[in-house]
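Engineer: Handing you a structure now.
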Protein chains: 6
Amino acid sequence: MFTLKVDQEIELQLFQLHHSEELYHLVDSNRNHLREWLPWVDSMSSPSQYHSIIPTWLKQFMNNNGFNAGIRYKGTLVGSIGFHQIDWNSRQTSIGYYLASGYEGKGIMTRSVQALLNYAFLDLNLNRVEIRCGIGNSKSRAIPERLGFIQEGIIRDGEFLYDHYHDLAVYGMLARDWEN
Amino acid sequence: MFTLKVDQEIELQLFQLHHSEELYHLVDSNRNHLREWLPWVDSMSSPSQYHSIIPTWLKQFMNNNGFNAGIRYKGTLVGSIGFHQIDWNSRQTSIGYYLASGYEGKGIMTRSVQALLNYAFLDLNLNRVEIRCGIGNSKSRAIPERLGFIQEGIIRDGEFLYDHYHDLAVYGMLARDWEN
Amino acid sequence: MFTLKVDQEIELQLFQLHHSEELYHLVDSNRNHLREWLPWVDSMSSPSQYHSIIPTWLKQFMNNNGFNAGIRYKGTLVGSIGFHQIDWNSRQTSIGYYLASGYEGKGIMTRSVQALLNYAFLDLNLNRVEIRCGIGNSKSRAIPERLGFIQEGIIRDGEFLYDHYHDLAVYGMLARDWEN
Amino acid sequence: MFTLKVDQEIELQLFQLHHSEELYHLVDSNRNHLREWLPWVDSMSSPSQYHSIIPTWLKQFMNNNGFNAGIRYKGTLVGSIGFHQIDWNSRQTSIGYYLASGYEGKGIMTRSVQALLNYAFLDLNLNRVEIRCGIGNSKSRAIPERLGFIQEGIIRDGEFLYDHYHDLAVYGMLARDWEN
Amino acid sequence: MFTLKVDQEIELQLFQLHHSEELYHLVDSNRNHLREWLPWVDSMSSPSQYHSIIPTWLKQFMNNNGFNAGIRYKGTLVGSIGFHQIDWNSRQTSIGYYLASGYEGKGIMTRSVQALLNYAFLDLNLNRVEIRCGIGNSKSRAIPERLGFIQEGIIRDGEFLYDHYHDLAVYGMLARDWEN
Amino acid sequence: MFTLKVDQEIELQLFQLHHSEELYHLVDSNRNHLREWLPWVDSMSSPSQYHSIIPTWLKQFMNNNGFNAGIRYKGTLVGSIGFHQIDWNSRQTSIGYYLASGYEGKGIMTRSVQALLNYAFLDLNLNRVEIRCGIGNSKSRAIPERLGFIQEGIIRDGEFLYDHYHDLAVYGMLARDWEN
């Protein structure tokens with residue numbers, strides 16, 4: 001119920017325990033789509049796992065160290081987005097996200113990331129936001145590119161995906177660039 | 001930033017650490033007004049106290065055991081509202097609230113409580129919501145009375161206020177009554 | 001072994017781990033009797049559950065926040081009594097209790113509650129003690145009534161019992177009344 | 001209030017937070033007497049220290065790992081006694097104690113230790129209880145000797161007392177000897 | 001990988017999680033040999049148990065309260081040695097150890113204990129180190145005797161071994177004796 | 001005392017509490033030198049701060065999540081090195097280090113990092129090790145470059161240094177490259 005409003009169509013809603021079933025259903029009905037680029041999909045086998053995962057997300061929020069929110073498009077849960085953690089010394093964070101198949105191409109993720117950039121730079125006064133995408137994940141990479149992030153490097157073997165490592169493209173946005 | 005929208009004018013916003021200054025200012029500029037019915041007002045002497053209090057509120061939220069939210073009226077922080085705790089066995093909670101002087105008489109609290117009743121009964125499937133008010137606090141008592149709560153009793157010496165005990169009126173609303 | 005002596009016949013004994021079997025036996029041999037008014041009876045299915053429950057009771061005692069004690073009548077464990085929690089700001093607590101069938105009508109519970117009122121008002125300097133009873137539980141309600149508690153209200157649907165809610169009568173005793 | 005009754009004159013009472021002042025007074029008015037053989041006396045400088053120490057004692061009790069109790073003689077707090085910790089694998093514990101000056105020579109400590117031996121061997125089914133005394137502390141050594149403990153050794157430099165190490169005599173009592 | 005070097009043949013290596021398999025193999029292939037004097041051997045039934053035990057050892061090390069290390073002889077894990085806990089007030093600790101069969105008679109344990117005595121007295125500035133051995137365990141008792149420890153007593157029924165208690169010989173070494 | 005031996009001159013020693021003074025002295029006598037590239041130098045104002053910092057490092061080691069070690073050159077503490085954290089899913093870590101002025105130019109850090117690469121790839125079976133250096137810190141950058149790391153990107157404003165952000169060069173080494 002606690003949401004960050006993006007626009008008339010989209011809200012980002014903090015996950016609470018009573019969303020466990022709905023969230024599991026989102027993942028379970030998008031397994032093939034999501035596991036191509038997300039390493040944790042196969043490990044999710046029942047809604048009850050979210051009964052212990054969601055409190056760890058809320059604990060992170062409690063410690064001012066990031067959050068996980070559901071993306072609601074016209075009320076339907078269609079994806080997830082959040083800050084992985086926050087480095088308050090260097091005032092930076094990184095954003096992670098995924099979207100159900102069938103909801104791509106509507107600008108949902110671009111608008112959501114945009115809202116989080118405003119939250120990061122204007123509310124939290126952070127200086128830098130990072131996004132990392134699998135080098136072959138062109139749909140995901142389109143988000144930071146469209147929003148004006150700069151690609152800063154390629155982390156070789158940056159992530160393990162079930163049976164192989166893949167490289168990650170690192171994108172960065174700085175407060176001074178966002179404000180312009 | 002994470003809010004429960006009440007209507008076009010009012011939002012209930014989960015308190016986060018970066019609201020400490022703003023929240024302290026609200027309390028500090030309403031001391032005389034608030035201390036008449038709230039026992040903790042005198043103990044608040046600096047914004048930094050909220051650096052430890054706000055995480056305990058978020059921990060409560062994390063444990064699915066209630067929350068504390070700021071009431072924003074046209075963007076301005078004008079009060080606080082929340083669930084003290086949630087009894088999941090008997091599916092009940094109680095609501096606490098306060099409002100800055102100068103914002104009374106606009107229906108802000110009635111509308112906020114109404115939104116939380118919807119949240120409690122429709123989202124969380126609770127069966128009962130309770131409100132306790134100082135017996136002499138007619139402005140506070142008007143809220144549950146206006147919304148159709150039933151007065152169920154008077155708890156003698158239910159709360160200590162700086163130098164005296166006072167009695168508390170107990171009001172209850174049940175799911176089956178709210179839905180009608 | 002650590003007991004609060006009530007009189008020549010009755011002692012209230014803090015539960016320790018080595019009482020697990022004995023306590024389970026008390027509950028198990030009184031299931032039909034106890035489950036009429038206690039919501040947790042069906043969930044107790046083995047003595048080992050008390051290996052985790054008793055430490056939480058002792059933790060409560062450690063935090064100066066109430067306790068759970070066995071009622072020993074001429075040495076035999078015949079019931080349980082305790083303070084649910086203690087509100088040190090408003091200096092109040094509430095008492096819960098149950099008794100094995102076959103031991104009613106001897107004044108065991110009245111004398112035990114009396115001893116806890118002395119403990120609450122004289123040792124701990126509390127100001128108020130509350131007892132809540134199911135509205136239809138006439139044997140339980142007789143205890144506070146006999147001791148001069150005042151009935152202060154009826155909490156509608158105050159507790160869930162397996163398949164239905166029932167109302168709770170709230171009784172209060174204040175220090176100034178007890179001393180007289 | 002929770003006590004282990006020794007006899008008509010003596011009770012051993014679990015320390016709770018509200019005993020802090022009384023316990024500090026006992027120590028403070030016996031400093032010269034107690035510091036001769038107890039290493040922690042000089043570190044106690046205010047009653048408030050017991051606000052954090054007593055919960056650690058109760059936590060020990062909660063974990064079934066020993067306890068600390070006040071010795072009440074005709075109602076007055078005159079000393080302390082307890083089990084340091086309990087080794088449940090080898091079913092053994094050790095007893096520590098001290099007595100205010102002016103109360104020696106009445107058999108208070110001998111009777112208290114006797115009661116704890118019954119508690120250890122009969123209630124907790126332990127197999128061995130140990131007492132360690134400073135080798136020059138003849139009053140303390142008289143207790144286990146009077147009760148039939150066997151001296152099993154001398155631990156050289158077993159304890160540090162402010163400015164010097166001293167040797168400790170180790171006494172042991174076994175269940176099979178106590179029962180005879 | 002983090003080791004305390006004893007000499008050209010022997011290193012004492014802090015156990016880390018990735019040693020679980022190797023350590024289990026050591027115990028499992030020496031069951032008959034080890035269980036004669038060690039009470040925990042029968043309880044070890046799979047390498048995964050060490051996934052929770054090794055962190056408790058490292059936590060002990062973290063708290064400056066002792067450690068557990070593997071004894072590597074020419075690179076092979078042949079035994080274990082450590083400090084059970086450290087009493088910083090009285091600056092003393094005790095050493096425990098065991099060795100695989102087939103590696104006795106090479107002076108491995110004598111040299112390892114010697115290195116730990118240097119660590120205790122020279123690096124940590126302790127005053128006393130204790131070793132306890134089963135009274136009938138002549139191979140184990142030979143270690144402190146060879147190194148000049150003094151036997152200070154016999155703890156009757158000091159340890160439970162599966163189906164019987166046995167007595168423990170207590171040996172002590174003081175800093176002032178070691179330095180000579 | 002627990003060390004990872006690099007060669008005849010260099011050992012990496014896990015920091016324990018009793019190294020607090022020595023470590024503070026290292027930092028304090030190299031303030032100007034170290035603060036040019038390390039953000040935490042100004043916050044260190046007394047040896048006692050290490051009494052809480054060193055346990056957090058040991059906790060990290062306990063959780064198999066990295067470590068902090070002192071670099072001893074011919075016995076003298078001349079620097080620090082460690083793994084920041086370990087991502088066991090993707091089997092990667094990053095190395096941080098610093099060296100006292102006066103000890104540069106001897107290959108101390110190159111040899112130390114080399115030893116940690118062996119530890120990471122051969123003992124822990126990691127797949128990737130990362131080093132990040134301030135873009136203007138040519139001495140630090142020379143270490144990964146000399147060892148054959150590949151520069152993979154420049155993280156803009158990657159770290160805050162007292163009064164300004166600076167960019168970080170990211171270097172990566174993969175297991176398959178190290179083994180060749």
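Naming works like this for the structure tokens: A, B, ... for the chains as they're shown, residue 1 at the start of each chain, ligands 1 onward in shown order.
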Sorted by chain and rising residue number, which residues of chain A lie within 6 Å of chain B, and what are their closest atom pairs and distances in Å to one decimal, counting only C-alpha atoms, as CSV?
Structural biologist:
residue,atom,partner,partner_atom,distance
A:Met1,CA,B:Leu4,CA,5.9
A:Phe2,CA,B:Thr3,CA,4.7
A:Thr3,CA,B:Phe2,CA,4.7
A:Leu4,CA,B:Phe2,CA,4.8
A:Pro55,CA,B:Met62,CA,5.5
A:Leu58,CA,B:Met62,CA,5.0
A:Met62,CA,B:Leu58,CA,5.0
Engineer: Grab the residues selected above and save them as a compact mmCIF listing (two decimals), in the first residue's frame with all heavy atoms.
Structural biologist:
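selection21.txt, written as the output of this step:
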# COMPACT_ATOMS: atom_id res chain seq x y z
N MET A 1 0.80 -1.21 0.00
CA MET A 1 0.00 0.00 0.00
C MET A 1 0.84 1.27 0.00
O MET A 1 0.40 2.31 -0.42
CB MET A 1 -0.90 0.03 1.25
CG MET A 1 -2.19 -0.70 1.02
SD MET A 1 -3.11 -0.10 -0.42
CE MET A 1 -2.74 -1.38 -1.62
N PHE A 2 2.08 1.16 0.52
CA PHE A 2 2.94 2.35 0.51
C PHE A 2 3.65 2.40 -0.82
O PHE A 2 4.41 1.48 -1.16
CB PHE A 2 3.89 2.33 1.70
CG PHE A 2 3.17 2.58 2.98
CD1 PHE A 2 2.70 1.53 3.75
CD2 PHE A 2 2.91 3.88 3.39
CE1 PHE A 2 2.00 1.78 4.92
CE2 PHE A 2 2.21 4.13 4.56
CZ PHE A 2 1.75 3.08 5.32
N THR A 3 3.40 3.46 -1.55
CA THR A 3 3.86 3.52 -2.93
C THR A 3 4.57 4.83 -3.23
O THR A 3 4.34 5.85 -2.59
CB THR A 3 2.68 3.41 -3.91
OG1 THR A 3 1.82 4.53 -3.69
CG2 THR A 3 1.91 2.12 -3.72
N LEU A 4 5.45 4.75 -4.21
CA LEU A 4 6.06 5.94 -4.77
C LEU A 4 5.39 6.11 -6.13
O LEU A 4 5.52 5.26 -7.01
CB LEU A 4 7.57 5.70 -4.90
CG LEU A 4 8.45 6.87 -5.30
CD1 LEU A 4 9.86 6.64 -4.75
CD2 LEU A 4 8.49 7.07 -6.80
N PRO A 55 11.04 -9.70 4.51
CA PRO A 55 11.58 -9.00 5.68
C PRO A 55 13.03 -8.54 5.52
O PRO A 55 13.40 -7.51 6.06
CB PRO A 55 11.44 -10.04 6.80
CG PRO A 55 10.26 -10.85 6.39
CD PRO A 55 10.38 -10.96 4.89
N LEU A 58 12.78 -5.35 3.74
CA LEU A 58 12.28 -4.27 4.59
C LEU A 58 13.34 -3.87 5.62
O LEU A 58 13.42 -2.70 6.01
CB LEU A 58 10.98 -4.70 5.28
CG LEU A 58 9.78 -4.80 4.32
CD1 LEU A 58 8.60 -5.48 5.00
CD2 LEU A 58 9.35 -3.41 3.84
N MET A 62 14.72 -0.29 6.35
CA MET A 62 14.83 0.20 7.73
C MET A 62 16.21 0.80 8.00
O MET A 62 16.34 1.80 8.69
CB MET A 62 14.58 -0.98 8.67
CG MET A 62 14.96 -0.77 10.10
SD MET A 62 14.61 -2.31 11.05
CE MET A 62 16.29 -2.77 11.52
Engineer: Fit chain C to chain D: least squares, all C-alpha atoms, paired in order; write the output as an mmCIF file with C-alpha atoms, in the first residue's frame.
Structural biologist:
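Output contents, as saved in superposed.cif:
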data_model
loop_
_atom_site.group_PDB
_atom_site.id
_atom_site.type_symbol
_atom_site.label_atom_id
_atom_site.label_comp_id
_atom_site.auth_asym_id
_atom_site.auth_seq_id
_atom_site.Cartn_x
_atom_site.Cartn_y
_atom_site.Cartn_z
ATOM 1 C CA MET C 1 9.788 -11.912 44.791
ATOM 2 C CA PHE C 2 10.604 -15.239 43.232
ATOM 3 C CA THR C 3 12.460 -17.142 45.891
ATOM 4 C CA LEU C 4 13.891 -20.528 46.714
ATOM 5 C CA LYS C 5 13.016 -21.135 50.347
ATOM 6 C CA VAL C 6 15.860 -22.500 52.460
ATOM 7 C CA ASP C 7 14.173 -22.615 55.851
ATOM 8 C CA GLN C 8 12.080 -20.408 58.148
ATOM 9 C CA GLU C 9 14.828 -17.760 58.271
ATOM 10 C CA ILE C 10 16.440 -17.818 54.853
ATOM 11 C CA GLU C 11 15.231 -17.320 51.270
ATOM 12 C CA LEU C 12 17.223 -17.094 48.025
ATOM 13 C CA GLN C 13 15.612 -14.499 45.776
ATOM 14 C CA LEU C 14 16.255 -14.127 42.045
ATOM 15 C CA PHE C 15 17.621 -10.638 41.465
ATOM 16 C CA GLN C 16 15.303 -8.405 39.412
ATOM 17 C CA LEU C 17 15.854 -4.850 38.220
ATOM 18 C CA HIS C 18 14.009 -3.274 41.136
ATOM 19 C CA HIS C 19 16.599 -4.753 43.535
ATOM 20 C CA SER C 20 19.411 -2.637 42.048
ATOM 21 C CA GLU C 21 19.521 -0.041 44.820
ATOM 22 C CA GLU C 22 19.314 -2.585 47.599
ATOM 23 C CA LEU C 23 22.044 -4.759 46.089
ATOM 24 C CA TYR C 24 24.328 -1.800 45.512
ATOM 25 C CA HIS C 25 23.842 -0.735 49.102
ATOM 26 C CA LEU C 26 24.826 -4.221 50.294
ATOM 27 C CA VAL C 27 28.065 -4.097 48.305
ATOM 28 C CA ASP C 28 28.823 -0.464 49.039
ATOM 29 C CA SER C 29 28.490 -0.864 52.790
ATOM 30 C CA ASN C 30 30.737 -3.969 52.772
ATOM 31 C CA ARG C 31 33.523 -2.827 50.454
ATOM 32 C CA ASN C 32 36.478 -3.480 52.716
ATOM 33 C CA HIS C 33 35.089 -6.801 53.802
ATOM 34 C CA LEU C 34 34.237 -8.033 50.284
ATOM 35 C CA ARG C 35 37.205 -6.778 48.284
ATOM 36 C CA GLU C 36 39.566 -8.968 50.266
ATOM 37 C CA TRP C 37 38.433 -11.981 48.200
ATOM 38 C CA LEU C 38 36.245 -10.691 45.366
ATOM 39 C CA PRO C 39 37.847 -9.163 42.250
ATOM 40 C CA TRP C 40 34.903 -7.039 41.040
ATOM 41 C CA VAL C 41 34.161 -4.921 44.140
ATOM 42 C CA ASP C 42 36.175 -1.840 43.146
ATOM 43 C CA SER C 43 34.479 -1.693 39.751
ATOM 44 C CA MET C 44 31.041 -1.128 41.322
ATOM 45 C CA SER C 45 30.521 2.603 41.708
ATOM 46 C CA SER C 46 26.776 3.229 41.312
ATOM 47 C CA PRO C 47 23.450 1.382 41.563
ATOM 48 C CA SER C 48 22.783 2.020 37.889
ATOM 49 C CA GLN C 49 25.494 -0.463 36.921
ATOM 50 C CA TYR C 50 23.156 -3.173 38.160
ATOM 51 C CA HIS C 51 20.601 -2.086 35.565
ATOM 52 C CA SER C 52 22.766 -3.784 32.972
ATOM 53 C CA ILE C 53 24.252 -6.536 35.158
ATOM 54 C CA ILE C 54 20.990 -7.949 36.499
ATOM 55 C CA PRO C 55 19.579 -8.581 32.996
ATOM 56 C CA THR C 56 22.719 -10.581 32.134
ATOM 57 C CA TRP C 57 22.086 -12.713 35.232
ATOM 58 C CA LEU C 58 18.469 -13.208 34.206
ATOM 59 C CA LYS C 59 19.592 -14.070 30.692
ATOM 60 C CA GLN C 60 21.787 -16.749 32.189
ATOM 61 C CA PHE C 61 18.750 -18.073 34.071
ATOM 62 C CA MET C 62 16.708 -17.894 30.858
ATOM 63 C CA ASN C 63 19.298 -20.041 29.086
ATOM 64 C CA ASN C 64 19.241 -22.647 31.835
ATOM 65 C CA ASN C 65 22.855 -21.768 32.509
ATOM 66 C CA GLY C 66 22.934 -20.731 36.173
ATOM 67 C CA PHE C 67 21.516 -17.803 38.180
ATOM 68 C CA ASN C 68 22.294 -15.143 40.797
ATOM 69 C CA ALA C 69 20.130 -14.798 43.872
ATOM 70 C CA GLY C 70 20.100 -12.577 46.902
ATOM 71 C CA ILE C 71 20.265 -14.236 50.297
ATOM 72 C CA ARG C 72 17.502 -12.857 52.512
ATOM 73 C CA TYR C 73 17.865 -13.549 56.221
ATOM 74 C CA LYS C 74 14.661 -12.706 58.065
ATOM 75 C CA GLY C 75 13.798 -10.529 55.069
ATOM 76 C CA THR C 76 17.043 -8.543 54.941
ATOM 77 C CA LEU C 77 19.391 -8.847 51.949
ATOM 78 C CA VAL C 78 22.635 -10.115 53.519
ATOM 79 C CA GLY C 79 24.505 -11.768 50.662
ATOM 80 C CA SER C 80 24.467 -13.355 47.233
ATOM 81 C CA ILE C 81 24.713 -16.906 45.928
ATOM 82 C CA GLY C 82 24.370 -18.609 42.560
ATOM 83 C CA PHE C 83 25.493 -21.116 39.951
ATOM 84 C CA HIS C 84 28.222 -19.623 37.705
ATOM 85 C CA GLN C 85 27.177 -21.704 34.719
ATOM 86 C CA ILE C 86 25.936 -25.227 34.002
ATOM 87 C CA ASP C 87 27.757 -27.801 31.850
ATOM 88 C CA TRP C 88 24.829 -29.949 30.733
ATOM 89 C CA ASN C 89 27.021 -32.441 28.879
ATOM 90 C CA SER C 90 28.936 -33.369 31.966
ATOM 91 C CA ARG C 91 26.068 -32.298 34.259
ATOM 92 C CA GLN C 92 28.102 -30.094 36.552
ATOM 93 C CA THR C 93 28.062 -26.550 37.925
ATOM 94 C CA SER C 94 29.968 -24.407 40.421
ATOM 95 C CA ILE C 95 28.671 -22.260 43.271
ATOM 96 C CA GLY C 96 29.784 -18.724 44.161
ATOM 97 C CA TYR C 97 28.711 -16.733 47.210
ATOM 98 C CA TYR C 98 29.453 -13.864 49.588
ATOM 99 C CA LEU C 99 27.984 -12.628 52.856
ATOM 100 C CA ALA C 100 27.801 -9.204 54.523
ATOM 101 C CA SER C 101 29.998 -8.739 57.550
ATOM 102 C CA GLY C 102 28.013 -9.067 60.747
ATOM 103 C CA TYR C 103 26.027 -12.028 59.451
ATOM 104 C CA GLU C 104 28.751 -14.619 59.659
ATOM 105 C CA GLY C 105 28.668 -17.374 62.233
ATOM 106 C CA LYS C 106 24.930 -17.990 61.944
ATOM 107 C CA GLY C 107 25.141 -20.864 59.481
ATOM 108 C CA ILE C 108 23.465 -18.757 56.798
ATOM 109 C CA MET C 109 25.842 -19.739 54.024
ATOM 110 C CA THR C 110 26.084 -23.389 54.983
ATOM 111 C CA ARG C 111 22.315 -23.718 54.915
ATOM 112 C CA SER C 112 22.087 -21.807 51.619
ATOM 113 C CA VAL C 113 24.692 -23.969 49.892
ATOM 114 C CA GLN C 114 22.951 -27.047 51.245
ATOM 115 C CA ALA C 115 19.692 -25.902 49.643
ATOM 116 C CA LEU C 116 21.465 -25.361 46.308
ATOM 117 C CA LEU C 117 22.997 -28.830 46.483
ATOM 118 C CA ASN C 118 19.495 -30.241 46.820
ATOM 119 C CA TYR C 119 18.343 -28.068 43.917
ATOM 120 C CA ALA C 120 21.329 -29.186 41.796
ATOM 121 C CA PHE C 121 21.199 -32.896 42.538
ATOM 122 C CA LEU C 122 17.462 -33.470 43.039
ATOM 123 C CA ASP C 123 15.747 -30.945 40.741
ATOM 124 C CA LEU C 124 18.313 -30.534 37.979
ATOM 125 C CA ASN C 125 19.833 -34.034 38.202
ATOM 126 C CA LEU C 126 23.376 -32.731 38.059
ATOM 127 C CA ASN C 127 26.262 -35.052 38.868
ATOM 128 C CA ARG C 128 28.873 -32.685 40.284
ATOM 129 C CA VAL C 129 29.020 -29.329 42.074
ATOM 130 C CA GLU C 130 32.262 -27.418 42.518
ATOM 131 C CA ILE C 131 33.292 -24.599 44.862
ATOM 132 C CA ARG C 132 36.533 -22.614 44.507
ATOM 133 C CA CYS C 133 37.874 -20.551 47.412
ATOM 134 C CA GLY C 134 40.939 -18.376 47.857
ATOM 135 C CA ILE C 135 43.491 -20.525 49.592
ATOM 136 C CA GLY C 136 43.789 -18.063 52.448
ATOM 137 C CA ASN C 137 40.033 -17.490 52.802
ATOM 138 C CA SER C 138 39.415 -19.767 55.747
ATOM 139 C CA LYS C 139 35.834 -18.622 56.399
ATOM 140 C CA SER C 140 34.849 -19.422 52.829
ATOM 141 C CA ARG C 141 36.693 -22.750 52.795
ATOM 142 C CA ALA C 142 34.883 -23.794 55.950
ATOM 143 C CA ILE C 143 31.593 -23.995 54.005
ATOM 144 C CA PRO C 144 32.452 -26.840 51.596
ATOM 145 C CA GLU C 145 34.525 -28.553 54.247
ATOM 146 C CA ARG C 146 31.628 -28.544 56.696
ATOM 147 C CA LEU C 147 29.307 -29.957 54.009
ATOM 148 C CA GLY C 148 31.603 -32.816 53.091
ATOM 149 C CA PHE C 149 33.075 -31.606 49.814
ATOM 150 C CA ILE C 150 36.414 -33.178 48.907
ATOM 151 C CA GLN C 151 39.353 -30.877 48.195
ATOM 152 C CA GLU C 152 40.625 -31.946 44.791
ATOM 153 C CA GLY C 153 43.465 -29.563 44.040
ATOM 154 C CA ILE C 154 45.028 -26.109 44.211
ATOM 155 C CA ILE C 155 44.840 -23.951 41.080
ATOM 156 C CA ARG C 156 47.954 -21.822 41.179
ATOM 157 C CA ASP C 157 47.379 -18.107 40.403
ATOM 158 C CA GLY C 158 43.756 -19.019 39.716
ATOM 159 C CA GLU C 159 42.410 -15.478 40.163
ATOM 160 C CA PHE C 160 43.666 -11.894 39.955
ATOM 161 C CA LEU C 161 42.751 -9.635 42.900
ATOM 162 C CA TYR C 162 43.446 -5.958 42.090
ATOM 163 C CA ASP C 163 47.244 -6.198 42.449
ATOM 164 C CA HIS C 164 48.187 -9.849 42.889
ATOM 165 C CA TYR C 165 47.265 -13.361 41.846
ATOM 166 C CA HIS C 166 46.234 -15.851 44.496
ATOM 167 C CA ASP C 167 45.747 -19.598 44.485
ATOM 168 C CA LEU C 168 42.315 -21.237 44.520
ATOM 169 C CA ALA C 169 41.363 -24.410 46.385
ATOM 170 C CA VAL C 170 38.974 -26.586 44.334
ATOM 171 C CA TYR C 171 36.315 -28.556 46.196
ATOM 172 C CA GLY C 172 33.974 -31.094 44.581
ATOM 173 C CA MET C 173 30.772 -32.804 45.648
ATOM 174 C CA LEU C 174 29.324 -35.673 43.600
ATOM 175 C CA ALA C 175 25.675 -36.710 43.456
ATOM 176 C CA ARG C 176 26.441 -40.192 44.769
ATOM 177 C CA ASP C 177 28.143 -38.723 47.835
ATOM 178 C CA TRP C 178 25.410 -36.190 48.537
ATOM 179 C CA GLU C 179 22.647 -38.732 48.466
ATOM 180 C CA ASN C 180 24.314 -40.716 51.196
#
Engineer: DSSP on the backbone, alpha helix (DSSP H) only: what residues of stretch 16-175 of chain E does that give? Format it as a VMD selection string.
Structural biologist: chain E and resid 20 to 28 31 to 35 50 to 62 108 to 118 138 to 146 175
Engineer: Run DSSP on the backbone of this structure and report the residues of chain D it assigns to strand (DSSP E or B), as number ranges by chain.
Structural biologist: D: 3-5, 10-14, 67-73, 76-87, 92-99, 128-134, 150-161, 164-174
